[in-house]
Every structure is written in C-alpha cells, then in structure tokens.
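Below: my_file_33.pdb (PDB, C-alpha atoms and all ligand atoms)
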MODEL        1
ATOM      1  CA  MET A  25     112.759  89.055 126.240
ATOM      2  CA  VAL A  26     111.798  92.644 127.000
ATOM      3  CA  ALA A  27     114.917  93.522 129.029
ATOM      4  CA  GLU A  28     117.195  92.033 126.364
ATOM      5  CA  VAL A  29     115.385  93.929 123.576
ATOM      6  CA  LEU A  30     115.677  97.218 125.487
ATOM      7  CA  ALA A  31     119.388  96.584 126.089
ATOM      8  CA  ALA A  32     119.784  95.928 122.346
ATOM      9  CA  LEU A  33     117.819  98.905 121.026
ATOM     10  CA  ARG A  34     118.789 101.390 123.782
ATOM     11  CA  PRO A  35     115.649 103.551 123.321
ATOM     12  CA  LYS A  36     116.206 107.260 123.914
ATOM     13  CA  PRO A  37     114.014 110.368 123.855
ATOM     14  CA  ASP A  38     113.719 111.692 120.289
ATOM     15  CA  GLY A  39     114.592 108.228 118.993
ATOM     16  CA  GLN A  40     112.474 106.678 116.230
ATOM     17  CA  TYR A  41     111.620 103.007 116.502
ATOM     18  CA  VAL A  42     109.804 100.385 114.488
ATOM     19  CA  ASP A  43     108.140  97.301 115.911
ATOM     20  CA  GLY A  44     107.393  95.163 112.847
ATOM     21  CA  THR A  45     105.531  92.530 114.904
ATOM     22  CA  VAL A  46     103.689  94.713 117.389
ATOM     23  CA  GLY A  47     101.371  91.878 118.489
ATOM     24  CA  TRP A  48      99.513  92.779 121.650
ATOM     25  CA  GLY A  49     101.936  95.677 122.270
ATOM     26  CA  GLY A  50     104.194  94.364 125.068
ATOM     27  CA  HIS A  51     107.554  95.265 123.519
ATOM     28  CA  ALA A  52     106.143  98.425 121.941
ATOM     29  CA  ALA A  53     104.918  99.704 125.339
ATOM     30  CA  ALA A  54     108.353  99.042 126.848
ATOM     31  CA  ILE A  55     110.121 100.874 123.967
ATOM     32  CA  LEU A  56     107.745 103.841 124.254
ATOM     33  CA  ALA A  57     108.173 104.010 128.039
ATOM     34  CA  ALA A  58     111.957 103.804 127.742
ATOM     35  CA  SER A  59     112.047 106.538 125.072
ATOM     36  CA  SER A  60     109.844 108.946 127.036
ATOM     37  CA  PRO A  61     108.946 111.731 126.734
ATOM     38  CA  SER A  62     109.347 112.130 122.984
ATOM     39  CA  GLY A  63     110.419 108.839 121.359
ATOM     40  CA  TRP A  64     108.281 107.778 118.385
ATOM     41  CA  LEU A  65     107.213 104.282 117.364
ATOM     42  CA  PHE A  66     105.724 102.844 114.190
ATOM     43  CA  GLY A  67     104.167  99.427 114.770
ATOM     44  CA  CYS A  68     102.711  96.968 112.317
ATOM     45  CA  ASP A  69     101.295  93.468 112.466
ATOM     46  CA  ARG A  70      99.641  91.277 109.836
ATOM     47  CA  ASP A  71      96.886  90.500 112.292
ATOM     48  CA  GLY A  72      94.050  93.045 112.526
ATOM     49  CA  ALA A  73      93.033  91.728 115.971
ATOM     50  CA  ALA A  74      96.585  92.343 117.222
ATOM     51  CA  ILE A  75      96.523  95.911 115.922
ATOM     52  CA  ARG A  76      93.209  96.576 117.713
ATOM     53  CA  ALA A  77      94.619  95.124 120.951
ATOM     54  CA  ALA A  78      97.878  97.088 120.600
ATOM     55  CA  ARG A  79      95.908 100.290 119.975
ATOM     56  CA  ALA A  80      94.071  99.797 123.278
ATOM     57  CA  ARG A  81      97.245  98.859 125.157
ATOM     58  CA  LEU A  82      99.236 101.821 123.779
ATOM     59  CA  LYS A  83      96.444 104.364 124.396
ATOM     60  CA  ASP A  84      98.646 106.397 126.777
ATOM     61  CA  TYR A  85     101.206 106.818 123.995
ATOM     62  CA  GLU A  86      98.800 107.507 121.113
ATOM     63  CA  ASP A  87     100.374 110.887 120.315
ATOM     64  CA  ARG A  88     103.753 109.301 119.717
ATOM     65  CA  CYS A  89     102.962 106.092 117.938
ATOM     66  CA  GLU A  90     101.377 105.008 114.678
ATOM     67  CA  LEU A  91      99.992 101.519 114.092
ATOM     68  CA  ARG A  92      98.882  99.783 110.925
ATOM     69  CA  GLN A  93      97.906  96.335 109.773
ATOM     70  CA  GLY A  94     100.445  94.957 107.323
ATOM     71  CA  ASN A  95     103.435  92.739 106.641
ATOM     72  CA  PHE A  96     106.822  93.954 107.888
ATOM     73  CA  ALA A  97     108.151  92.936 104.464
ATOM     74  CA  ASP A  98     106.581  96.223 103.254
ATOM     75  CA  LEU A  99     108.123  98.437 105.983
ATOM     76  CA  ALA A 100     110.102 100.506 103.494
ATOM     77  CA  GLU A 101     106.807 101.666 101.916
ATOM     78  CA  TRP A 102     105.652 103.248 105.184
ATOM     79  CA  VAL A 103     108.842 104.374 106.917
ATOM     80  CA  GLY A 104     111.413 106.708 105.352
ATOM     81  CA  PRO A 105     114.860 105.420 104.347
ATOM     82  CA  GLY A 106     117.567 105.951 106.973
ATOM     83  CA  SER A 107     115.085 107.318 109.524
ATOM     84  CA  CYS A 108     115.053 104.793 112.396
ATOM     85  CA  ASP A 109     117.215 104.226 115.444
ATOM     86  CA  GLY A 110     115.924 100.724 116.071
ATOM     87  CA  VAL A 111     113.810  97.998 114.481
ATOM     88  CA  LEU A 112     112.392  94.966 116.274
ATOM     89  CA  LEU A 113     111.071  91.793 114.610
ATOM     90  CA  ASP A 114     109.707  89.282 117.142
ATOM     91  CA  LEU A 115     108.728  86.444 114.806
ATOM     92  CA  GLY A 116     106.131  83.699 114.877
ATOM     93  CA  VAL A 117     102.724  83.758 116.511
ATOM     94  CA  SER A 118     101.596  85.210 119.826
ATOM     95  CA  SER A 119      99.969  83.439 122.742
ATOM     96  CA  PRO A 120      96.606  85.189 122.108
ATOM     97  CA  GLN A 121      96.657  83.891 118.520
ATOM     98  CA  LEU A 122      97.442  80.333 119.663
ATOM     99  CA  ASP A 123      94.787  80.499 122.363
ATOM    100  CA  GLN A 124      91.940  81.510 120.038
ATOM    101  CA  ALA A 125      90.433  78.284 118.718
ATOM    102  CA  ALA A 126      88.761  80.041 115.788
ATOM    103  CA  ARG A 127      92.144  81.092 114.345
ATOM    104  CA  GLY A 128      93.113  77.445 113.860
ATOM    105  CA  PHE A 129      96.777  77.838 114.887
ATOM    106  CA  SER A 130      96.789  75.225 117.628
ATOM    107  CA  PHE A 131      96.256  71.467 117.543
ATOM    108  CA  GLN A 132      95.211  71.734 121.183
ATOM    109  CA  GLN A 133      92.134  73.810 120.350
ATOM    110  CA  ALA A 134      89.337  72.454 118.170
ATOM    111  CA  GLY A 135      88.776  74.950 115.370
ATOM    112  CA  PRO A 136      88.842  75.451 111.605
ATOM    113  CA  LEU A 137      92.137  74.731 109.800
ATOM    114  CA  ASP A 138      92.773  78.407 109.149
ATOM    115  CA  MET A 139      96.181  79.681 110.444
ATOM    116  CA  ARG A 140      96.111  82.982 108.545
ATOM    117  CA  MET A 141      97.816  85.830 110.401
ATOM    118  CA  ASP A 142      96.067  88.271 108.065
ATOM    119  CA  THR A 143      92.492  87.052 107.609
ATOM    120  CA  ARG A 144      92.151  89.206 104.454
ATOM    121  CA  GLN A 145      94.459  86.732 102.708
ATOM    122  CA  PRO A 146      92.512  84.057 100.789
ATOM    123  CA  LEU A 147      94.837  81.027 101.338
ATOM    124  CA  THR A 148      94.104  79.015 104.502
ATOM    125  CA  ALA A 149      95.727  75.900 105.971
ATOM    126  CA  ALA A 150      92.680  73.871 104.842
ATOM    127  CA  ASP A 151      93.294  75.030 101.259
ATOM    128  CA  LEU A 152      96.896  73.835 101.453
ATOM    129  CA  VAL A 153      96.139  70.528 103.145
ATOM    130  CA  ASN A 154      93.317  69.682 100.744
ATOM    131  CA  ALA A 155      94.779  70.982  97.475
ATOM    132  CA  ALA A 156      98.579  70.923  97.596
ATOM    133  CA  SER A 157     100.267  68.059  95.750
ATOM    134  CA  GLU A 158     101.795  65.275  97.833
ATOM    135  CA  LYS A 159     105.255  66.452  96.728
ATOM    136  CA  GLU A 160     104.492  69.995  97.890
ATOM    137  CA  LEU A 161     103.252  68.693 101.265
ATOM    138  CA  VAL A 162     106.431  66.629 101.743
ATOM    139  CA  LYS A 163     108.511  69.747 101.020
ATOM    140  CA  ILE A 164     106.535  71.845 103.528
ATOM    141  CA  LEU A 165     106.695  69.219 106.284
ATOM    142  CA  TRP A 166     110.369  68.476 105.692
ATOM    143  CA  GLU A 167     111.740  71.981 105.125
ATOM    144  CA  LEU A 168     109.557  73.985 107.512
ATOM    145  CA  GLY A 169     108.647  71.315 110.053
ATOM    146  CA  GLU A 170     111.904  69.340 110.002
ATOM    147  CA  GLU A 171     109.523  66.387 110.226
ATOM    148  CA  LYS A 172     111.354  63.083 109.705
ATOM    149  CA  GLY A 173     108.103  61.311 108.792
ATOM    150  CA  ALA A 174     107.268  63.942 106.124
ATOM    151  CA  ARG A 175     106.715  61.418 103.322
ATOM    152  CA  ARG A 176     104.523  59.112 105.390
ATOM    153  CA  LEU A 177     102.446  61.975 106.796
ATOM    154  CA  ALA A 178     101.978  63.654 103.417
ATOM    155  CA  ALA A 179     100.849  60.326 101.886
ATOM    156  CA  ALA A 180      98.373  59.816 104.745
ATOM    157  CA  ILE A 181      96.973  63.345 104.353
ATOM    158  CA  VAL A 182      96.459  62.801 100.622
ATOM    159  CA  LYS A 183      94.743  59.442 101.260
ATOM    160  CA  GLU A 184      92.517  60.866 103.993
ATOM    161  CA  ARG A 185      91.399  63.936 102.033
ATOM    162  CA  VAL A 186      90.041  61.727  99.228
ATOM    163  CA  ARG A 187      87.755  60.121 101.781
ATOM    164  CA  ARG A 188      86.757  63.435 103.386
ATOM    165  CA  PRO A 189      88.302  66.945 103.239
ATOM    166  CA  LEU A 190      90.390  67.926 106.270
ATOM    167  CA  GLU A 191      88.610  71.010 107.598
ATOM    168  CA  THR A 192      89.435  71.164 111.314
ATOM    169  CA  THR A 193      92.468  71.209 113.572
ATOM    170  CA  ALA A 194      91.095  68.181 115.455
ATOM    171  CA  GLN A 195      90.770  66.098 112.259
ATOM    172  CA  LEU A 196      94.385  66.794 111.297
ATOM    173  CA  ALA A 197      95.751  66.347 114.838
ATOM    174  CA  ASP A 198      93.895  62.998 115.193
ATOM    175  CA  LEU A 199      95.218  61.766 111.860
ATOM    176  CA  ILE A 200      98.797  62.613 112.859
ATOM    177  CA  GLU A 201      98.393  61.060 116.282
ATOM    178  CA  ARG A 202      97.105  57.822 114.746
ATOM    179  CA  LEU A 203     100.177  57.652 112.492
ATOM    180  CA  ALA A 204     102.756  58.799 115.024
ATOM    181  CA  PRO A 205     101.430  57.976 118.470
ATOM    182  CA  ARG A 206     102.697  60.091 121.329
ATOM    183  CA  ARG A 207     105.344  58.362 123.439
ATOM    184  CA  GLY A 208     106.147  59.386 127.010
ATOM    185  CA  GLN A 209     106.801  63.098 127.478
ATOM    186  CA  ARG A 210     107.766  63.864 123.868
ATOM    187  CA  ALA A 211     106.113  66.872 122.254
ATOM    188  CA  HIS A 212     102.807  66.098 120.532
ATOM    189  CA  PRO A 213     103.579  64.718 117.055
ATOM    190  CA  ALA A 214     101.331  67.413 115.532
ATOM    191  CA  THR A 215     103.576  70.253 116.820
ATOM    192  CA  ARG A 216     105.952  70.228 113.835
ATOM    193  CA  VAL A 217     103.205  69.664 111.261
ATOM    194  CA  PHE A 218     101.121  72.578 112.525
ATOM    195  CA  ARG A 219     104.153  74.867 112.644
ATOM    196  CA  ALA A 220     105.166  73.902 109.112
ATOM    197  CA  LEU A 221     101.679  74.546 107.723
ATOM    198  CA  ARG A 222     101.481  77.889 109.534
ATOM    199  CA  MET A 223     104.835  78.969 108.120
ATOM    200  CA  ALA A 224     103.740  77.943 104.623
ATOM    201  CA  VAL A 225     100.282  79.582 104.795
ATOM    202  CA  ASN A 226     101.853  82.864 105.897
ATOM    203  CA  ASP A 227     105.013  82.568 103.756
ATOM    204  CA  GLU A 228     106.964  83.384 106.895
ATOM    205  CA  LEU A 229     110.459  82.807 105.485
ATOM    206  CA  GLY A 230     109.690  84.869 102.355
ATOM    207  CA  SER A 231     108.417  87.721 104.552
ATOM    208  CA  LEU A 232     111.494  87.506 106.758
ATOM    209  CA  ARG A 233     113.854  87.696 103.748
ATOM    210  CA  ARG A 234     112.116  90.835 102.486
ATOM    211  CA  GLY A 235     111.674  92.240 106.002
ATOM    212  CA  LEU A 236     115.401  92.105 106.771
ATOM    213  CA  VAL A 237     116.195  94.059 103.597
ATOM    214  CA  ALA A 238     113.483  96.618 104.429
ATOM    215  CA  ALA A 239     114.697  96.960 108.032
ATOM    216  CA  LEU A 240     118.243  97.675 106.907
ATOM    217  CA  ALA A 241     116.969 100.299 104.449
ATOM    218  CA  ILE A 242     114.977 102.238 107.082
ATOM    219  CA  LEU A 243     117.707 102.211 109.750
ATOM    220  CA  LYS A 244     119.965 105.225 110.323
ATOM    221  CA  PRO A 245     123.726 104.656 110.533
ATOM    222  CA  ALA A 246     124.365 103.172 114.031
ATOM    223  CA  GLY A 247     120.694 102.106 114.169
ATOM    224  CA  ARG A 248     120.089  98.597 115.465
ATOM    225  CA  LEU A 249     118.052  95.651 114.252
ATOM    226  CA  ALA A 250     116.896  93.103 116.832
ATOM    227  CA  VAL A 251     115.316  89.868 115.610
ATOM    228  CA  ILE A 252     113.793  87.185 117.834
ATOM    229  CA  THR A 253     113.397  83.820 116.093
ATOM    230  CA  PHE A 254     111.737  80.611 117.272
ATOM    231  CA  HIS A 255     112.815  78.228 114.553
ATOM    232  CA  SER A 256     116.184  77.135 113.187
ATOM    233  CA  ALA A 257     115.251  77.996 109.577
ATOM    234  CA  GLU A 258     114.433  81.580 110.646
ATOM    235  CA  ASP A 259     117.593  81.865 112.711
ATOM    236  CA  ARG A 260     119.688  80.588 109.798
ATOM    237  CA  LEU A 261     118.200  83.261 107.547
ATOM    238  CA  VAL A 262     119.007  86.034 110.045
ATOM    239  CA  LYS A 263     122.561  84.728 110.540
ATOM    240  CA  GLU A 264     123.126  84.516 106.782
ATOM    241  CA  PHE A 265     121.767  88.025 106.282
ATOM    242  CA  GLY A 266     124.163  89.383 108.929
ATOM    243  CA  ARG A 267     127.092  87.433 107.492
ATOM    244  CA  ASN A 268     126.411  88.612 103.930
ATOM    245  CA  HIS A 269     126.153  92.245 104.997
ATOM    246  CA  GLU A 270     129.124  92.358 107.390
ATOM    247  CA  ARG A 271     131.558  91.354 104.628
ATOM    248  CA  ALA A 272     133.795  93.889 102.941
ATOM    249  CA  TYR A 273     133.127  92.278  99.564
ATOM    250  CA  THR A 274     130.342  90.955  97.371
ATOM    251  CA  TYR A 275     130.443  88.088  94.907
ATOM    252  CA  ALA A 276     128.425  87.366  91.801
ATOM    253  CA  GLY A 277     126.700  83.980  91.617
ATOM    254  CA  ALA A 278     125.777  81.453  94.270
ATOM    255  CA  VAL A 279     129.293  80.512  95.416
ATOM    256  CA  ASP A 280     131.933  82.691  97.075
ATOM    257  CA  VAL A 281     134.968  82.320  94.798
ATOM    258  CA  PRO A 282     137.859  84.481  96.171
ATOM    259  CA  GLU A 283     139.051  85.466  92.664
ATOM    260  CA  LEU A 284     135.617  86.901  91.785
ATOM    261  CA  ARG A 285     135.159  89.046  94.897
ATOM    262  CA  GLN A 286     134.334  92.713  94.501
ATOM    263  CA  PRO A 287     135.286  94.978  97.425
ATOM    264  CA  CYS A 288     132.452  96.935  99.077
ATOM    265  CA  ALA A 289     131.804  98.687 102.386
ATOM    266  CA  PRO A 290     130.320  96.382 105.066
ATOM    267  CA  GLN A 291     126.749  97.376 105.893
ATOM    268  CA  VAL A 292     126.305  95.895 109.374
ATOM    269  CA  LYS A 293     128.228  94.537 112.323
ATOM    270  CA  TRP A 294     126.991  92.085 114.945
ATOM    271  CA  VAL A 295     126.422  93.636 118.360
ATOM    272  CA  LYS A 296     127.045  90.158 119.789
ATOM    273  CA  ARG A 297     128.204  87.307 117.627
ATOM    274  CA  LYS A 298     126.222  84.714 119.576
ATOM    275  CA  ALA A 299     122.438  84.619 119.873
ATOM    276  CA  ILE A 300     120.945  85.774 123.185
ATOM    277  CA  GLN A 301     118.571  83.322 124.870
ATOM    278  CA  PRO A 302     115.850  83.969 127.453
ATOM    279  CA  ASP A 303     116.935  83.452 131.057
ATOM    280  CA  ALA A 304     115.652  80.571 133.193
ATOM    281  CA  ALA A 305     113.060  82.760 134.960
ATOM    282  CA  GLU A 306     111.483  83.785 131.637
ATOM    283  CA  VAL A 307     111.373  80.193 130.369
ATOM    284  CA  ALA A 308     109.750  79.108 133.653
ATOM    285  CA  SER A 309     107.057  81.817 133.434
ATOM    286  CA  ASN A 310     106.545  81.458 129.678
ATOM    287  CA  PRO A 311     107.479  77.986 128.394
ATOM    288  CA  ARG A 312     106.792  79.111 124.788
ATOM    289  CA  SER A 313     109.898  81.325 125.033
ATOM    290  CA  ARG A 314     112.252  78.346 125.436
ATOM    291  CA  SER A 315     113.238  78.230 121.767
ATOM    292  CA  ALA A 316     113.610  82.018 121.383
ATOM    293  CA  GLN A 317     116.914  83.416 120.087
ATOM    294  CA  LEU A 318     117.656  87.127 119.868
ATOM    295  CA  ARG A 319     120.206  88.400 117.350
ATOM    296  CA  VAL A 320     121.230  92.031 117.150
ATOM    297  CA  MET A 321     123.103  93.854 114.402
ATOM    298  CA  GLU A 322     124.071  97.488 113.960
ATOM    299  CA  LYS A 323     124.087  99.387 110.680
ATOM    300  CA  PHE A 324     127.283 101.145 109.615
TER     301      PHE A 324
HETATM  302  C1  LIG A 401     105.612  86.693 119.030
HETATM  303  S1  LIG A 401     104.315  87.756 118.520
HETATM  304  C2  LIG A 401     104.886  89.361 118.911
HETATM  305  C3  LIG A 401     104.575  89.785 120.303
HETATM  306  C4  LIG A 401     104.917  91.229 120.569
HETATM  307  N1  LIG A 401     106.351  91.466 120.471
HETATM  308  C5  LIG A 401     104.399  91.660 121.938
HETATM  309  O1  LIG A 401     105.207  92.148 122.749
HETATM  310  O2  LIG A 401     103.189  91.531 122.182
HETATM  311  C6  LIG A 401     104.466  87.727 116.799
HETATM  312  C7  LIG A 401     103.525  88.664 116.061
HETATM  313  O3  LIG A 401     104.081  88.907 114.794
HETATM  314  C8  LIG A 401     103.074  88.964 113.824
HETATM  315  N2  LIG A 401     103.747  88.686 112.562
HETATM  316  C9  LIG A 401     104.382  87.554 112.192
HETATM  317  N3  LIG A 401     104.912  87.703 110.974
HETATM  318  C10 LIG A 401     104.638  88.967 110.573
HETATM  319  C11 LIG A 401     104.945  89.724 109.412
HETATM  320  N4  LIG A 401     105.614  89.203 108.396
HETATM  321  N5  LIG A 401     104.541  91.014 109.366
HETATM  322  C12 LIG A 401     103.848  91.569 110.394
HETATM  323  N6  LIG A 401     103.504  90.881 111.493
HETATM  324  C13 LIG A 401     103.894  89.601 111.593
HETATM  325  C14 LIG A 401     102.062  87.938 114.287
HETATM  326  O4  LIG A 401     100.798  88.236 113.759
HETATM  327  C15 LIG A 401     102.135  88.127 115.818
HETATM  328  O5  LIG A 401     101.175  89.051 116.257
ENDMDL
END
Step by step, read the file and then write its structure as structure tokens.
Ligand SMILES: C[S@@+](CC[C@H](N)C(=O)[O-])C[C@H]1O[C@@H](n2cnc3c(N)ncnc32)[C@H](O)[C@@H]1O
Amino acid sequence: MVAEVLAALRPKPDGQYVDGTVGWGGHAAAILAASSPSGWLFGCDRDGAAIRAARARLKDYEDRCELRQGNFADLAEWVGPGSCDGVLLDLGVSSPQLDQAARGFSFQQAGPLDMRMDTRQPLTAADLVNAASEKELVKILWELGEEKGARRLAAAIVKERVRRPLETTAQLADLIERLAPRRGQRAHPATRVFRALRMAVNDELGSLRRGLVAALAILKPAGRLAVITFHSAEDRLVKEFGRNHERAYTYAGAVDVPELRQPCAPQVKWVKRKAIQPDAAEVASNPRSRSAQLRVMEKF
C-alpha cells in the first residue's frame, strides 16, 4: 500500500519520518524519495536480517536515514518528543521472513518452530508449544488465532508433546491437519494456529499498545500516524486508541460513566474514519495484502 501510505504521510523535503517496521525497506525508500532532497527517516525493525537488507536497499539515502534493530514500542527512547511529521507502522511479518524456512514462521516450509522476529530473544515457538499450560495454549489459539477448535487443538498438542516434543513446523502442521483436515479450497487449518503462536512469541499486541503511545509522543502537532494491520485484534487496538484519544474527555476506571468524565483536549483526529484497503490490482499481485487495513490519524 505504498501509494496510500504516501498519500497519508504526505512526505515533504525537510520532513522527519519514522518507519517503525522498516522491513526490507520498500516503504522507507518511497518516503525518502518523496521527501527528497532533504527529508530524514529513522527506521527500526526487530529483525536484524531486515535491518541489514534495508541498509543495502537504502544505500542511496544513507546520509539522510538512520536504521537500528529494535522494537517500535521503544521509539520514544530513540526519537525526540514532538519531532516527527509522520510515523508508519506496517505490522506483522514480511514475505522474506515467511519464505525463509529456518525462521519457522510458515507451515508451508519445513523448519524449526522458531518464529522470533528478534533472534536475540530467548523465547521461541517451540518453547511455548512444549512448555505452556493447556489453558495458556487455549487462550493463545482462541484470542490471537480466533481458532474455534482452540480447546481440541490445545489438548492434542499437550498429548502429543508428552510422546515427543514438537520441534518443527512440519510436526505441528501435520498434527493440526490430522485433527482438522483441509476441506476444499479453505485456508490450511494451520494458518490460524501459526499466526496465533507468532503473535504470542513476539508479544505483538503488547508491542502495538506501547508503540501507539510512543508514536503519538514523537509526532509534531499535525504529524500523522499511519498503521497497516493484518488482523482484527490489531485493527481493534488501533481503532480503540484513536477513539480514546479523539475524545474531549477522559474517564477514570474501565467504564465510561458520563457523570465521571473529566474534560481534556483531544489529542488526535482521524484523517479518514474508515480503514483504507488495498486495491484489486495490489491484492492480485500480492495475495498476502488481502487482509491489510490502513488507518491514519493526525495529532492535534
Ligand atoms: C509487513 S513487514 C514491513 C514491510 C516494510 N513496510 C517494507 O516496505 O518492506 C513487517 C515488519 O515489521 C517488523 N516488526 C513487526 N513488529 C515489530 C515491532 N514491534 N517492532 C519493530 N519491528 C517489527 C517485522 O520484523 C517485519 O520486518
């Protein structure tokens, strides 16, 4: 969604931009080109391989960009408060990550059950699958995978791992396929399980919660935040964040009781109230983009 991101962030010369999920550098290159000759970009990614690839791809812009390996949840530690004109978060995993069998992200590639975006982190998917309690596995599969058979699958994983630890993507994918055989053209039954485990291993929703707060802190007034999500739980979080910060009041506690509202200045407004979706041509050329949703807000 490069054109849509550029339309949202409106890069300009002298503008300062942050790409919190720089990946292999596609969006970052477009932002740097559009903010020529003097726009500046800070890019981060949890994945060291992505940072190395982005460094090579952005070689022509090396004097006006800075890249570092890290979680966008920590953006406010590296970028000054109120200093940016635009922040992009393009969530999830990239095609190069999915395509590398050794990273263990894909059930279609035989590899270790790893799934760490940052390989310096100790916790892997194998650790979770082999050590988490059955209750914890049900919660992961249900809340992050929206998997209707969460209980049955978690019980089967626990039974299987007693017999032999689950160490590879193929072992887990085979187990799921045996329990929930593929019918017709439906997505592979392992899709939701793998996505749920990946989101748990990388604490993706926790990072997003902290990342949204950090992004708002580093934006200038009238700066824009663009977030591309691929999952309804992520999209819900972004929508809630926007809703909570566009209000002209706060409330103490978990429930919004009108009598207990405290007036405050709204912090953001939506650039468009509805999410922007990729056009048909993009979905045809990149089927993985079909569930993408772009939301854009502007800081007051
Ligand atoms: C969809 S890809 C981004 C692709 C990128 N926009 C491009 O044009 O190449 C998502 C990237 O975000 C990274 N990522 C996901 N969550 C992250 C986080 N919390 N902090 C930093 N990077 C993250 C992943 O490692 C992956 O490289």
With the PyMOL selection byres (((chain A and resi 322) around 12) and not hetatm) as the selection, what would be picked from this file? Answer as number ranges by chain, please. A: 32-34, 108-111, 239-240, 243-251, 266, 269-270, 290-297, 319-321, 323-324
Which protein, DNA or RNA residues have an atom within 7 Å of ligand LIG 401 (chain A), counting all atoms listed in the file, as a JSON list (two decimals) with C-alpha atoms, in the coordinates of the input?
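Output below, filename pocket-v4.json:
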[["chain", "number", "residue", "atom", "x", "y", "z"],
["A", 44, "GLY", "CA", 107.39, 95.16, 112.85],
["A", 45, "THR", "CA", 105.53, 92.53, 114.90],
["A", 46, "VAL", "CA", 103.69, 94.71, 117.39],
["A", 47, "GLY", "CA", 101.37, 91.88, 118.49],
["A", 48, "TRP", "CA", 99.51, 92.78, 121.65],
["A", 49, "GLY", "CA", 101.94, 95.68, 122.27],
["A", 50, "GLY", "CA", 104.19, 94.36, 125.07],
["A", 51, "HIS", "CA", 107.55, 95.26, 123.52],
["A", 52, "ALA", "CA", 106.14, 98.42, 121.94],
["A", 68, "CYS", "CA", 102.71, 96.97, 112.32],
["A", 69, "ASP", "CA", 101.30, 93.47, 112.47],
["A", 70, "ARG", "CA", 99.64, 91.28, 109.84],
["A", 71, "ASP", "CA", 96.89, 90.50, 112.29],
["A", 74, "ALA", "CA", 96.58, 92.34, 117.22],
["A", 94, "GLY", "CA", 100.44, 94.96, 107.32],
["A", 95, "ASN", "CA", 103.44, 92.74, 106.64],
["A", 96, "PHE", "CA", 106.82, 93.95, 107.89],
["A", 97, "ALA", "CA", 108.15, 92.94, 104.46],
["A", 114, "ASP", "CA", 109.71, 89.28, 117.14],
["A", 115, "LEU", "CA", 108.73, 86.44, 114.81],
["A", 116, "GLY", "CA", 106.13, 83.70, 114.88],
["A", 117, "VAL", "CA", 102.72, 83.76, 116.51],
["A", 118, "SER", "CA", 101.60, 85.21, 119.83],
["A", 141, "MET", "CA", 97.82, 85.83, 110.40],
["A", 228, "GLU", "CA", 106.96, 83.38, 106.90],
["A", 231, "SER", "CA", 108.42, 87.72, 104.55],
["A", 232, "LEU", "CA", 111.49, 87.51, 106.76]]
Using all atoms listed in the file, which of A:Ala100, A:Arg79, A:Gln40, A:Arg88 sits nearest Val237 (chain A)?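 Among the listed residues, the smallest separation from Val237 (chain A) belongs to A:Ala100.
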Between CA of Cys89 (chain A) and CA of Lys36 (chain A), what is the spacing in Å?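 Distance between the two atoms: 14.6 Å.
The spacing separating CA of Ala156 (chain A) from CA of Arg260 (chain A) amounts to 26.2 Å.
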